[in-house]
file final.json (JSON, C-alpha atoms and all ligand atoms)
[["chain", "number", "residue", "atom", "x", "y", "z"],
["A", 1, "MET", "CA", -1.18, 19.97, -8.85],
["A", 2, "GLU", "CA", -3.29, 17.04, -10.01],
["A", 3, "PRO", "CA", -1.38, 13.77, -9.96],
["A", 4, "ARG", "CA", -1.52, 12.01, -13.34],
["A", 5, "PHE", "CA", -1.87, 8.43, -12.17],
["A", 6, "ARG", "CA", -2.17, 7.07, -15.69],
["A", 7, "GLU", "CA", 1.32, 8.33, -16.48],
["A", 8, "THR", "CA", 2.98, 6.55, -13.56],
["A", 9, "ALA", "CA", 6.30, 5.10, -14.72],
["A", 10, "PHE", "CA", 8.61, 2.50, -13.21],
["A", 11, "ILE", "CA", 11.87, 3.92, -11.85],
["A", 12, "LYS", "CA", 13.61, 0.94, -10.28],
["A", 13, "GLY", "CA", 13.46, -1.89, -7.79],
["A", 14, "VAL", "CA", 15.78, -1.96, -4.80],
["A", 15, "ALA", "CA", 16.68, -4.74, -2.36],
["A", 16, "GLN", "CA", 18.46, -2.43, 0.09],
["A", 17, "VAL", "CA", 17.38, 0.91, 1.51],
["A", 18, "ALA", "CA", 20.82, 2.25, 0.57],
["A", 19, "GLN", "CA", 19.82, 1.91, -3.09],
["A", 20, "LEU", "CA", 16.75, 4.13, -2.73],
["A", 21, "PRO", "CA", 16.67, 7.46, -4.57],
["A", 22, "LEU", "CA", 17.54, 10.59, -2.59],
["A", 23, "ASP", "CA", 15.17, 11.03, 0.33],
["A", 24, "GLU", "CA", 13.46, 14.07, -1.24],
["A", 25, "GLY", "CA", 10.07, 14.92, -2.62],
["A", 26, "ILE", "CA", 7.00, 12.95, -1.59],
["A", 27, "GLU", "CA", 6.51, 9.20, -1.48],
["A", 28, "ILE", "CA", 3.28, 7.30, -0.97],
["A", 29, "ALA", "CA", 3.88, 3.66, -0.10],
["A", 30, "PHE", "CA", 1.63, 0.63, -0.58],
["A", 31, "ALA", "CA", 1.89, -2.31, 1.79],
["A", 32, "GLY", "CA", -0.09, -5.47, 2.33],
["A", 33, "ARG", "CA", -0.02, -9.18, 2.95],
["A", 34, "SER", "CA", 0.98, -11.20, -0.02],
["A", 35, "ASN", "CA", -2.12, -11.99, -2.09],
["A", 36, "ALA", "CA", -4.19, -9.25, -0.44],
["A", 37, "GLY", "CA", -4.62, -7.58, -3.84],
["A", 38, "LYS", "CA", -1.95, -4.87, -3.70],
["A", 39, "SER", "CA", -0.69, -5.26, -7.27],
["A", 40, "SER", "CA", -4.24, -5.23, -8.61],
["A", 41, "ALA", "CA", -5.08, -2.13, -6.58],
["A", 42, "LEU", "CA", -1.99, -0.30, -7.87],
["A", 43, "ASN", "CA", -2.89, -1.23, -11.42],
["A", 44, "SER", "CA", -6.47, 0.01, -10.94],
["A", 45, "LEU", "CA", -5.24, 3.21, -9.35],
["A", 46, "CYS", "CA", -2.99, 3.89, -12.31],
["A", 47, "GLY", "CA", -5.49, 2.66, -14.90],
["A", 48, "ARG", "CA", -3.00, 0.10, -16.16],
["A", 49, "LYS", "CA", -2.99, -3.62, -16.73],
["A", 50, "ALA", "CA", 0.52, -4.49, -15.70],
["A", 51, "LEU", "CA", 2.27, -1.72, -13.83],
["A", 52, "ALA", "CA", 2.61, -4.08, -10.89],
["A", 53, "ARG", "CA", 2.59, -7.79, -11.59],
["A", 54, "VAL", "CA", -0.57, -9.51, -10.38],
["A", 55, "GLY", "CA", -0.37, -12.95, -8.85],
["A", 56, "ARG", "CA", 3.41, -13.10, -9.08],
["A", 57, "THR", "CA", 5.06, -15.97, -7.22],
["A", 58, "PRO", "CA", 5.25, -14.55, -3.72],
["A", 59, "GLY", "CA", 8.25, -16.68, -2.82],
["A", 60, "ARG", "CA", 10.56, -14.98, -5.25],
["A", 61, "THR", "CA", 12.93, -12.32, -4.03],
["A", 62, "GLN", "CA", 10.98, -9.16, -3.57],
["A", 63, "GLU", "CA", 12.14, -5.64, -3.83],
["A", 64, "ILE", "CA", 10.84, -2.19, -3.12],
["A", 65, "ASN", "CA", 9.57, -0.94, -6.48],
["A", 66, "LEU", "CA", 9.48, 2.79, -7.09],
["A", 67, "PHE", "CA", 7.36, 4.61, -9.66],
["A", 68, "ALA", "CA", 7.46, 8.24, -10.75],
["A", 69, "LEU", "CA", 4.11, 10.03, -10.52],
["A", 70, "PRO", "CA", 3.81, 13.06, -12.83],
["A", 71, "PRO", "CA", 3.51, 15.98, -13.11],
["A", 72, "ALA", "CA", 5.85, 16.65, -10.16],
["A", 73, "GLU", "CA", 9.48, 15.68, -10.68],
["A", 74, "ASP", "CA", 9.69, 14.15, -7.23],
["A", 75, "TRP", "CA", 6.42, 12.41, -6.47],
["A", 76, "ARG", "CA", 6.77, 8.66, -6.19],
["A", 77, "LEU", "CA", 4.52, 5.67, -5.57],
["A", 78, "VAL", "CA", 6.31, 2.92, -3.70],
["A", 79, "ASP", "CA", 5.29, -0.74, -3.90],
["A", 80, "LEU", "CA", 6.59, -2.42, -0.75],
["A", 81, "PRO", "CA", 7.22, -6.18, -0.67],
["A", 82, "GLY", "CA", 4.18, -8.20, 0.37],
["A", 83, "TYR", "CA", 4.52, -9.96, 3.70],
["A", 84, "GLY", "CA", 3.12, -13.11, 5.25],
["A", 85, "TYR", "CA", 3.88, -15.63, 2.54],
["A", 86, "ALA", "CA", 4.30, -18.88, 4.46],
["A", 87, "LYS", "CA", 6.73, -20.77, 2.25],
["A", 88, "VAL", "CA", 9.86, -18.69, 2.60],
["A", 89, "SER", "CA", 12.94, -19.29, 4.67],
["A", 90, "ALA", "CA", 13.38, -17.55, 8.00],
["A", 91, "GLY", "CA", 16.37, -15.72, 6.50],
["A", 92, "GLN", "CA", 14.35, -14.34, 3.64],
["A", 93, "ARG", "CA", 11.54, -13.30, 5.93],
["A", 94, "GLU", "CA", 14.02, -11.52, 8.13],
["A", 95, "HIS", "CA", 15.42, -9.68, 5.12],
["A", 96, "TRP", "CA", 11.94, -8.48, 4.06],
["A", 97, "ASP", "CA", 11.05, -7.45, 7.60],
["A", 98, "GLN", "CA", 14.22, -5.46, 7.84],
["A", 99, "LEU", "CA", 13.72, -3.87, 4.43],
["A", 100, "LEU", "CA", 10.14, -2.88, 5.29],
["A", 101, "GLY", "CA", 10.96, -1.67, 8.77],
["A", 102, "ASP", "CA", 14.00, 0.29, 7.61],
["A", 103, "TYR", "CA", 12.05, 1.91, 4.81],
["A", 104, "LEU", "CA", 9.09, 2.90, 6.98],
["A", 105, "GLN", "CA", 11.13, 4.23, 9.84],
["A", 106, "ALA", "CA", 13.96, 5.93, 7.98],
["A", 107, "ARG", "CA", 12.24, 7.47, 5.00],
["A", 108, "ARG", "CA", 11.62, 11.13, 5.69],
["A", 109, "CYS", "CA", 9.83, 11.78, 2.39],
["A", 110, "LEU", "CA", 7.17, 9.17, 3.22],
["A", 111, "ARG", "CA", 3.96, 11.20, 3.27],
["A", 112, "GLY", "CA", 1.50, 8.37, 3.63],
["A", 113, "LEU", "CA", 1.01, 4.64, 3.72],
["A", 114, "VAL", "CA", -1.80, 2.83, 1.94],
["A", 115, "LEU", "CA", -2.41, -0.49, 3.65],
["A", 116, "ILE", "CA", -4.11, -2.96, 1.33],
["A", 117, "MET", "CA", -6.12, -5.68, 3.08],
["A", 118, "ASP", "CA", -8.52, -8.37, 1.93],
["A", 119, "ILE", "CA", -11.90, -7.13, 3.16],
["A", 120, "ARG", "CA", -12.68, -10.61, 4.45],
["A", 121, "ARG", "CA", -9.58, -10.60, 6.73],
["A", 122, "PRO", "CA", -8.58, -7.06, 7.71],
["A", 123, "LEU", "CA", -5.97, -6.29, 10.38],
["A", 124, "THR", "CA", -4.33, -9.67, 10.72],
["A", 125, "GLU", "CA", -1.52, -10.10, 13.19],
["A", 126, "LEU", "CA", 1.03, -9.24, 10.50],
["A", 127, "ASP", "CA", -0.84, -6.08, 9.50],
["A", 128, "ARG", "CA", -0.74, -5.02, 13.13],
["A", 129, "GLN", "CA", 2.98, -5.68, 13.30],
["A", 130, "LEU", "CA", 3.47, -3.53, 10.23],
["A", 131, "LEU", "CA", 1.49, -0.71, 11.82],
["A", 132, "ASP", "CA", 3.96, -0.72, 14.71],
["A", 133, "TRP", "CA", 6.63, 0.43, 12.26],
["A", 134, "VAL", "CA", 4.65, 3.23, 10.66],
["A", 135, "PRO", "CA", 5.67, 6.65, 12.00],
["A", 136, "LEU", "CA", 2.07, 7.77, 12.42],
["A", 137, "ASP", "CA", 3.11, 11.11, 13.88],
["A", 138, "ARG", "CA", 4.37, 12.23, 10.47],
["A", 139, "CYS", "CA", 2.76, 9.87, 8.01],
["A", 140, "HIS", "CA", -0.89, 9.45, 6.95],
["A", 141, "LEU", "CA", -2.47, 6.02, 7.00],
["A", 142, "HIS", "CA", -5.25, 4.88, 4.68],
["A", 143, "CYS", "CA", -6.69, 1.36, 4.80],
["A", 144, "VAL", "CA", -8.03, -0.02, 1.57],
["A", 145, "LEU", "CA", -10.30, -3.04, 2.06],
["A", 146, "THR", "CA", -10.16, -4.68, -1.31],
["A", 147, "LYS", "CA", -11.99, -7.58, -2.99],
["A", 148, "ALA", "CA", -15.24, -5.96, -1.78],
["A", 149, "ASP", "CA", -16.92, -7.67, -4.74],
["A", 150, "LYS", "CA", -16.60, -10.91, -2.78],
["A", 151, "LEU", "CA", -19.11, -9.64, -0.20],
["A", 152, "SER", "CA", -22.57, -8.13, -0.23],
["A", 153, "ARG", "CA", -22.77, -4.38, 0.25],
["A", 154, "GLN", "CA", -24.05, -4.96, 3.79],
["A", 155, "GLN", "CA", -21.27, -7.40, 4.70],
["A", 156, "ALA", "CA", -18.70, -5.03, 3.25],
["A", 157, "ASP", "CA", -19.97, -2.16, 5.38],
["A", 158, "ARG", "CA", -19.88, -4.37, 8.43],
["A", 159, "GLN", "CA", -16.24, -5.28, 7.76],
["A", 160, "LEU", "CA", -15.37, -1.62, 7.24],
["A", 161, "HIS", "CA", -16.92, -0.53, 10.51],
["A", 162, "GLY", "CA", -15.35, -3.45, 12.36],
["A", 163, "ALA", "CA", -11.90, -2.50, 11.08],
["A", 164, "GLN", "CA", -12.54, 1.13, 11.97],
["A", 165, "ARG", "CA", -13.39, 0.19, 15.54],
["A", 166, "GLU", "CA", -10.32, -2.03, 15.82],
["A", 167, "LEU", "CA", -8.05, 0.77, 14.66],
["A", 168, "GLU", "CA", -9.64, 3.13, 17.16],
["A", 169, "ALA", "CA", -9.10, 0.58, 19.92],
["A", 170, "MET", "CA", -5.44, 0.37, 18.89],
["A", 171, "GLY", "CA", -5.19, 4.15, 19.07],
["A", 172, "VAL", "CA", -4.35, 4.32, 15.37],
["A", 173, "GLU", "CA", -5.67, 7.24, 13.39],
["A", 174, "ALA", "CA", -6.55, 6.21, 9.85],
["A", 175, "THR", "CA", -9.02, 6.63, 7.05],
["A", 176, "LEU", "CA", -10.61, 3.58, 5.46],
["A", 177, "GLN", "CA", -12.49, 2.63, 2.34],
["A", 178, "THR", "CA", -13.85, -0.39, 0.53],
["A", 179, "PHE", "CA", -12.39, -1.17, -2.87],
["A", 180, "SER", "CA", -12.61, -3.63, -5.72],
["A", 181, "SER", "CA", -10.05, -3.88, -8.48],
["A", 182, "LEU", "CA", -12.32, -6.32, -10.27],
["A", 183, "LYS", "CA", -15.26, -3.88, -10.34],
["A", 184, "ASN", "CA", -13.14, -0.74, -10.39],
["A", 185, "GLN", "CA", -14.93, 0.36, -7.25],
["A", 186, "GLY", "CA", -13.43, 2.98, -4.96],
["A", 187, "VAL", "CA", -10.71, 3.95, -7.42],
["A", 188, "GLU", "CA", -11.76, 7.58, -7.72],
["A", 189, "ASP", "CA", -12.02, 7.92, -3.93],
["A", 190, "LEU", "CA", -8.47, 6.62, -3.59],
["A", 191, "ARG", "CA", -7.16, 8.95, -6.29],
["A", 192, "GLY", "CA", -8.81, 11.91, -4.59],
["A", 193, "LEU", "CA", -7.38, 11.06, -1.20],
["A", 194, "LEU", "CA", -3.84, 10.63, -2.55],
["A", 195, "ALA", "CA", -4.13, 13.92, -4.43],
["A", 196, "ASP", "CA", -5.00, 15.59, -1.12],
["A", 197, "TRP", "CA", -1.98, 14.01, 0.60],
["A", 198, "LEU", "CA", 0.34, 15.12, -2.18],
["A", 199, "ASN", "CA", -0.92, 18.68, -2.18],
["A", 200, "ALA", "CA", -1.16, 19.21, 1.58],
["A", 201, "PRO", "CA", 1.58, 21.27, 3.17],
["A", 202, "ALA", "CA", 4.31, 19.04, 4.65],
["B", 1, "LIG", "P1", -0.79, -9.01, -4.16],
["B", 1, "LIG", "O1", -0.03, -10.27, -3.89],
["B", 1, "LIG", "O2", -1.22, -8.34, -2.91],
["B", 1, "LIG", "O3", -0.10, -8.08, -5.11],
["B", 1, "LIG", "O4", -2.17, -9.48, -4.83],
["B", 1, "LIG", "P2", -2.61, -9.53, -6.37],
["B", 1, "LIG", "O5", -3.00, -8.18, -6.87],
["B", 1, "LIG", "O6", -1.57, -10.28, -7.13],
["B", 1, "LIG", "O7", -3.97, -10.38, -6.24],
["B", 1, "LIG", "C1", -4.00, -11.66, -5.64],
["B", 1, "LIG", "C2", -5.18, -12.43, -6.19],
["B", 1, "LIG", "O8", -6.40, -11.79, -5.82],
["B", 1, "LIG", "C3", -5.18, -12.50, -7.72],
["B", 1, "LIG", "O9", -5.67, -13.76, -8.09],
["B", 1, "LIG", "C4", -6.15, -11.40, -8.11],
["B", 1, "LIG", "O10", -6.77, -11.64, -9.35],
["B", 1, "LIG", "C5", -7.16, -11.42, -6.96],
["B", 1, "LIG", "N1", -7.75, -10.07, -6.74],
["B", 1, "LIG", "C6", -7.09, -8.92, -6.54],
["B", 1, "LIG", "N2", -7.94, -7.89, -6.37],
["B", 1, "LIG", "C7", -9.19, -8.39, -6.45],
["B", 1, "LIG", "C8", -10.53, -7.82, -6.35],
["B", 1, "LIG", "O11", -10.74, -6.61, -6.14],
["B", 1, "LIG", "N3", -11.57, -8.70, -6.48],
["B", 1, "LIG", "C9", -11.38, -10.03, -6.69],
["B", 1, "LIG", "N4", -12.48, -10.79, -6.77],
["B", 1, "LIG", "N5", -10.16, -10.59, -6.81],
["B", 1, "LIG", "C10", -9.07, -9.79, -6.69]]

call {"tool": "encode", "arguments": {"input": "final.json", "output": "structure tokens"}}
result
Amino acid sequence: MEPRFRETAFIKGVAQVAQLPLDEGIEIAFAGRSNAGKSSALNSLCGRKALARVGRTPGRTQEINLFALPPAEDWRLVDLPGYGYAKVSAGQREHWDQLLGDYLQARRCLRGLVLIMDIRRPLTELDRQLLDWVPLDRCHLHCVLTKADKLSRQQADRQLHGAQRELEAMGVEATLQTFSSLKNQGVEDLRGLLADWLNAPA
């Protein structure tokens, strides 16, 4: 089945893993540092202006936002709370960490994680911490290096290869691509990859 990204529809936002829908079907989750460009990438993927809110105040309470992805009844895109925003209380940070960690480790229907990173600063310490939580034995990982329009083609390729080598050194198996929400670059590649994940046997 071909996913119809343009028909993606908001289901709900949850602040606790207990409020998630039944752990059935297939979920593809999107994670990234706050301000990395995750909302913009989701909007580009879905061909929409405001599916996910761009540039929202990162300090506000964040939830896991779930979206239905037709035509399947049980395909979902999952927007995970951005991490790494400096101006939050330790308590709030702990809550987000727990929410993220619980989701990534407990969710059986998680088929793949798309990690959104600013191409100028891929694989920060916090991104590495997140990767520790991803159950890579049963979950695909794809790294999207966004804001590629901020670099020359040559610089972008250098960043991509550097990130690839770092992942290899960490023993993490992943695919990577460059991306630009501004220039709509890499969107079709991302759609194709996610379609493959969704249609692959479990
Ligand atoms: P999020 O916090 O990860 O959801 O990031 P946003 O999508 O809200 O983007 C953060 C900032 O980066 C906003 O000012 C966006 O306009 C900008 N931005 C996002 N994607 C791109 C991109 O591909 N190119 C450029 N030049 N700016 C981008």

call {"tool": "atom_distance", "arguments": {"input": "final.json", "atom1": "atom CA of A:Ala52", "atom2": "atom CA of A:Gln155"}}
result
28.7 Å

call {"tool": "atom_distance", "arguments": {"input": "final.json", "atom1": "atom CA of A:Ser39", "atom2": "atom O2 of ligand LIG 1 (chain B)"}}
result
5.4 Å

call {"tool": "axis_aligned_box", "arguments": {"input": "final.json", "around": "stretch 109-126 of chain A", "padding_each_side": "8 Å", "output": "JSON"}}
result
{"center_x": -1.4, "center_y": 0.6, "center_z": 7.3, "size_x": 38.5, "size_y": 38.4, "size_z": 27.9}

call {"tool": "closest_residue", "arguments": {"input": "final.json", "among": "A:Ile28, A:Val17, A:Ile116, A:Ala9", "to": "ligand LIG 1 (chain B)", "atoms": "all atoms listed in the file"}}
result
A:Ile116

call {"tool": "closest_atom_pairs", "arguments": {"input": "final.json", "of": "chain A", "to": "ligand LIG 1 (chain B)", "cutoff": "7 Å", "atoms": "all atoms listed in the file", "output": "CSV"}}
result
residue,atom,partner,partner_atom,distance
A:Gly32,CA,B:LIG1,O2,6.1
A:Arg33,CA,B:LIG1,O2,6.0
A:Ser34,CA,B:LIG1,O1,4.1
A:Asn35,CA,B:LIG1,O1,3.3
A:Ala36,CA,B:LIG1,O2,4.0
A:Gly37,CA,B:LIG1,O4,3.3
A:Lys38,CA,B:LIG1,O2,3.6
A:Ser39,CA,B:LIG1,O3,3.6
A:Ser40,CA,B:LIG1,O5,3.6
A:Ala41,CA,B:LIG1,O5,6.4
A:Arg53,CA,B:LIG1,O6,6.6
A:Val54,CA,B:LIG1,O6,3.5
A:Gly55,CA,B:LIG1,O6,3.4
A:Arg56,CA,B:LIG1,O6,6.0
A:Pro58,CA,B:LIG1,O1,6.8
A:Gly82,CA,B:LIG1,O2,6.3
A:Thr146,CA,B:LIG1,O11,5.2
A:Lys147,CA,B:LIG1,O11,3.5
A:Ala148,CA,B:LIG1,O11,6.3
A:Asp149,CA,B:LIG1,N3,5.7
A:Lys150,CA,B:LIG1,N4,5.7
A:Phe179,CA,B:LIG1,O11,6.6
A:Ser180,CA,B:LIG1,O11,3.5
A:Ser181,CA,B:LIG1,O11,3.7
A:Leu182,CA,B:LIG1,O11,4.4
A:Lys183,CA,B:LIG1,O11,6.7

call {"tool": "residues_around", "arguments": {"input": "final.json", "residues": "A:Leu141", "least_positions_apart": "2", "cutoff": "12 Å", "atoms": "all atoms listed in the file", "output": "PDB file with C-alpha atoms, in the frame of the given file"}}
result
ATOM      1  CA  ILE A  28       3.280   7.300  -0.970  1.00  0.00           C
ATOM      2  CA  ALA A  29       3.880   3.660  -0.100  1.00  0.00           C
ATOM      3  CA  PHE A  30       1.630   0.630  -0.580  1.00  0.00           C
ATOM      4  CA  ALA A  31       1.890  -2.310   1.790  1.00  0.00           C
ATOM      5  CA  LEU A 104       9.090   2.900   6.980  1.00  0.00           C
ATOM      6  CA  LEU A 110       7.170   9.170   3.220  1.00  0.00           C
ATOM      7  CA  ARG A 111       3.960  11.200   3.270  1.00  0.00           C
ATOM      8  CA  GLY A 112       1.500   8.370   3.630  1.00  0.00           C
ATOM      9  CA  LEU A 113       1.010   4.640   3.720  1.00  0.00           C
ATOM     10  CA  VAL A 114      -1.800   2.830   1.940  1.00  0.00           C
ATOM     11  CA  LEU A 115      -2.410  -0.490   3.650  1.00  0.00           C
ATOM     12  CA  ILE A 116      -4.110  -2.960   1.330  1.00  0.00           C
ATOM     13  CA  LEU A 130       3.470  -3.530  10.230  1.00  0.00           C
ATOM     14  CA  LEU A 131       1.490  -0.710  11.820  1.00  0.00           C
ATOM     15  CA  TRP A 133       6.630   0.430  12.260  1.00  0.00           C
ATOM     16  CA  VAL A 134       4.650   3.230  10.660  1.00  0.00           C
ATOM     17  CA  PRO A 135       5.670   6.650  12.000  1.00  0.00           C
ATOM     18  CA  LEU A 136       2.070   7.770  12.420  1.00  0.00           C
ATOM     19  CA  ASP A 137       3.110  11.110  13.880  1.00  0.00           C
ATOM     20  CA  ARG A 138       4.370  12.230  10.470  1.00  0.00           C
ATOM     21  CA  CYS A 139       2.760   9.870   8.010  1.00  0.00           C
ATOM     22  CA  CYS A 143      -6.690   1.360   4.800  1.00  0.00           C
ATOM     23  CA  VAL A 144      -8.030  -0.020   1.570  1.00  0.00           C
ATOM     24  CA  LEU A 167      -8.050   0.770  14.660  1.00  0.00           C
ATOM     25  CA  VAL A 172      -4.350   4.320  15.370  1.00  0.00           C
ATOM     26  CA  GLU A 173      -5.670   7.240  13.390  1.00  0.00           C
ATOM     27  CA  ALA A 174      -6.550   6.210   9.850  1.00  0.00           C
ATOM     28  CA  THR A 175      -9.020   6.630   7.050  1.00  0.00           C
ATOM     29  CA  LEU A 176     -10.610   3.580   5.460  1.00  0.00           C
ATOM     30  CA  GLN A 177     -12.490   2.630   2.340  1.00  0.00           C
ATOM     31  CA  LEU A 193      -7.380  11.060  -1.200  1.00  0.00           C
ATOM     32  CA  LEU A 194      -3.840  10.630  -2.550  1.00  0.00           C
ATOM     33  CA  TRP A 197      -1.980  14.010   0.600  1.00  0.00           C
TER      34      TRP A 197
END

call {"tool": "atom_distance", "arguments": {"input": "final.json", "atom1": "atom CA of A:Gly84", "atom2": "atom CA of A:Ala106"}}
result
22.1 Å

call {"tool": "closest_residue", "arguments": {"input": "final.json", "among": "A:Asp157, A:Asp79, A:Glu188, A:Glu27", "to": "A:Ser44", "atoms": "all atoms listed in the file"}}
result
A:Glu188

call {"tool": "residues_near_point", "arguments": {"input": "final.json", "point": "(-1.0, 19.1, -0.4)", "cutoff": "12 Å", "atoms": "only C-alpha atoms", "output": "PyMOL selection string"}}
result
chain A and resi 1-3+26+75+111-112+192-202

call {"tool": "closest_residue", "arguments": {"input": "final.json", "among": "A:Glu63, A:Glu73, A:Asp189, A:Glu7", "to": "A:Asp97", "atoms": "all atoms listed in the file"}}
result
A:Glu63

call {"tool": "closest_residue", "arguments": {"input": "final.json", "among": "A:Asp102, A:Asp74, A:Glu94, A:Glu125", "to": "A:Leu22", "atoms": "all atoms listed in the file"}}
result
A:Asp74

call {"tool": "closest_residue", "arguments": {"input": "final.json", "among": "A:Val88, A:Met117, A:Thr178, A:Leu99", "to": "A:Gln154", "atoms": "only C-alpha atoms"}}
result
A:Thr178

call {"tool": "residues_near_point", "arguments": {"input": "final.json", "point": "(12.5, -8.2, -1.9)", "cutoff": "8 Å", "atoms": "only C-alpha atoms", "output": "PDB file with C-alpha atoms, in the coordinates of the input"}}
result
ATOM      1  CA  VAL A  14      15.780  -1.960  -4.800  1.00  0.00           C
ATOM      2  CA  ALA A  15      16.680  -4.740  -2.360  1.00  0.00           C
ATOM      3  CA  ARG A  60      10.560 -14.980  -5.250  1.00  0.00           C
ATOM      4  CA  THR A  61      12.930 -12.320  -4.030  1.00  0.00           C
ATOM      5  CA  GLN A  62      10.980  -9.160  -3.570  1.00  0.00           C
ATOM      6  CA  GLU A  63      12.140  -5.640  -3.830  1.00  0.00           C
ATOM      7  CA  ILE A  64      10.840  -2.190  -3.120  1.00  0.00           C
ATOM      8  CA  PRO A  81       7.220  -6.180  -0.670  1.00  0.00           C
ATOM      9  CA  HIS A  95      15.420  -9.680   5.120  1.00  0.00           C
ATOM     10  CA  TRP A  96      11.940  -8.480   4.060  1.00  0.00           C
ATOM     11  CA  LEU A  99      13.720  -3.870   4.430  1.00  0.00           C
TER      12      LEU A  99
END

call {"tool": "residues_around", "arguments": {"input": "final.json", "residues": "A:Phe5", "least_positions_apart": "6", "cutoff": "7 Å", "atoms": "all atoms listed in the file", "output": "MDAnalysis selection string"}}
result
chainID A and resid 45:46 69

call {"tool": "closest_residue", "arguments": {"input": "final.json", "among": "A:Gly91, A:Glu166, A:Arg153, A:Leu160", "to": "A:Arg128", "atoms": "all atoms listed in the file"}}
result
A:Glu166

call {"tool": "decode", "arguments": {"input": "final.json", "residues": "stretch 129-141 of chain A", "atoms": "N, CA, C and O atoms", "output": "PDB file, in the first residue's frame"}}
result
ATOM      1  N   GLN A 129      22.504  10.194  23.354  1.00  0.00           N
ATOM      2  CA  GLN A 129      21.756   9.641  24.490  1.00  0.00           C
ATOM      3  C   GLN A 129      20.439   9.038  24.021  1.00  0.00           C
ATOM      4  O   GLN A 129      20.026   7.971  24.457  1.00  0.00           O
ATOM      5  N   LEU A 130      19.786   9.749  23.093  1.00  0.00           N
ATOM      6  CA  LEU A 130      18.519   9.237  22.572  1.00  0.00           C
ATOM      7  C   LEU A 130      18.728   7.885  21.897  1.00  0.00           C
ATOM      8  O   LEU A 130      17.944   6.957  22.070  1.00  0.00           O
ATOM      9  N   LEU A 131      19.821   7.788  21.130  1.00  0.00           N
ATOM     10  CA  LEU A 131      20.074   6.541  20.400  1.00  0.00           C
ATOM     11  C   LEU A 131      20.240   5.356  21.350  1.00  0.00           C
ATOM     12  O   LEU A 131      19.937   4.231  20.988  1.00  0.00           O
ATOM     13  N   ASP A 132      20.703   5.646  22.565  1.00  0.00           N
ATOM     14  CA  ASP A 132      20.831   4.566  23.555  1.00  0.00           C
ATOM     15  C   ASP A 132      19.483   3.931  23.877  1.00  0.00           C
ATOM     16  O   ASP A 132      19.408   2.792  24.317  1.00  0.00           O
ATOM     17  N   TRP A 133      18.413   4.707  23.722  1.00  0.00           N
ATOM     18  CA  TRP A 133      17.079   4.198  24.064  1.00  0.00           C
ATOM     19  C   TRP A 133      16.387   3.467  22.912  1.00  0.00           C
ATOM     20  O   TRP A 133      15.379   2.815  23.109  1.00  0.00           O
ATOM     21  N   VAL A 134      16.932   3.644  21.708  1.00  0.00           N
ATOM     22  CA  VAL A 134      16.221   3.083  20.550  1.00  0.00           C
ATOM     23  C   VAL A 134      16.508   1.581  20.457  1.00  0.00           C
ATOM     24  O   VAL A 134      17.660   1.173  20.432  1.00  0.00           O
ATOM     25  N   PRO A 135      15.461   0.779  20.423  1.00  0.00           N
ATOM     26  CA  PRO A 135      15.658  -0.673  20.331  1.00  0.00           C
ATOM     27  C   PRO A 135      16.039  -1.068  18.909  1.00  0.00           C
ATOM     28  O   PRO A 135      15.208  -1.526  18.122  1.00  0.00           O
ATOM     29  N   LEU A 136      17.328  -0.874  18.579  1.00  0.00           N
ATOM     30  CA  LEU A 136      17.759  -1.003  17.189  1.00  0.00           C
ATOM     31  C   LEU A 136      17.666  -2.430  16.649  1.00  0.00           C
ATOM     32  O   LEU A 136      17.753  -2.638  15.447  1.00  0.00           O
ATOM     33  N   ASP A 137      17.455  -3.388  17.541  1.00  0.00           N
ATOM     34  CA  ASP A 137      17.300  -4.760  17.073  1.00  0.00           C
ATOM     35  C   ASP A 137      15.943  -4.984  16.411  1.00  0.00           C
ATOM     36  O   ASP A 137      15.773  -5.929  15.658  1.00  0.00           O
ATOM     37  N   ARG A 138      14.970  -4.113  16.705  1.00  0.00           N
ATOM     38  CA  ARG A 138      13.656  -4.315  16.095  1.00  0.00           C
ATOM     39  C   ARG A 138      13.069  -3.044  15.498  1.00  0.00           C
ATOM     40  O   ARG A 138      11.888  -2.974  15.193  1.00  0.00           O
ATOM     41  N   CYS A 139      13.922  -2.042  15.319  1.00  0.00           N
ATOM     42  CA  CYS A 139      13.402  -0.749  14.884  1.00  0.00           C
ATOM     43  C   CYS A 139      14.411  -0.111  13.930  1.00  0.00           C
ATOM     44  O   CYS A 139      15.597  -0.036  14.227  1.00  0.00           O
ATOM     45  N   HIS A 140      13.948   0.298  12.747  1.00  0.00           N
ATOM     46  CA  HIS A 140      14.846   0.968  11.792  1.00  0.00           C
ATOM     47  C   HIS A 140      15.240   2.348  12.316  1.00  0.00           C
ATOM     48  O   HIS A 140      14.511   2.957  13.089  1.00  0.00           O
ATOM     49  N   LEU A 141      16.370   2.819  11.836  1.00  0.00           N
ATOM     50  CA  LEU A 141      16.793   4.183  12.163  1.00  0.00           C
ATOM     51  C   LEU A 141      17.198   4.902  10.879  1.00  0.00           C
ATOM     52  O   LEU A 141      17.980   4.377  10.086  1.00  0.00           O
TER      53      LEU A 141
END
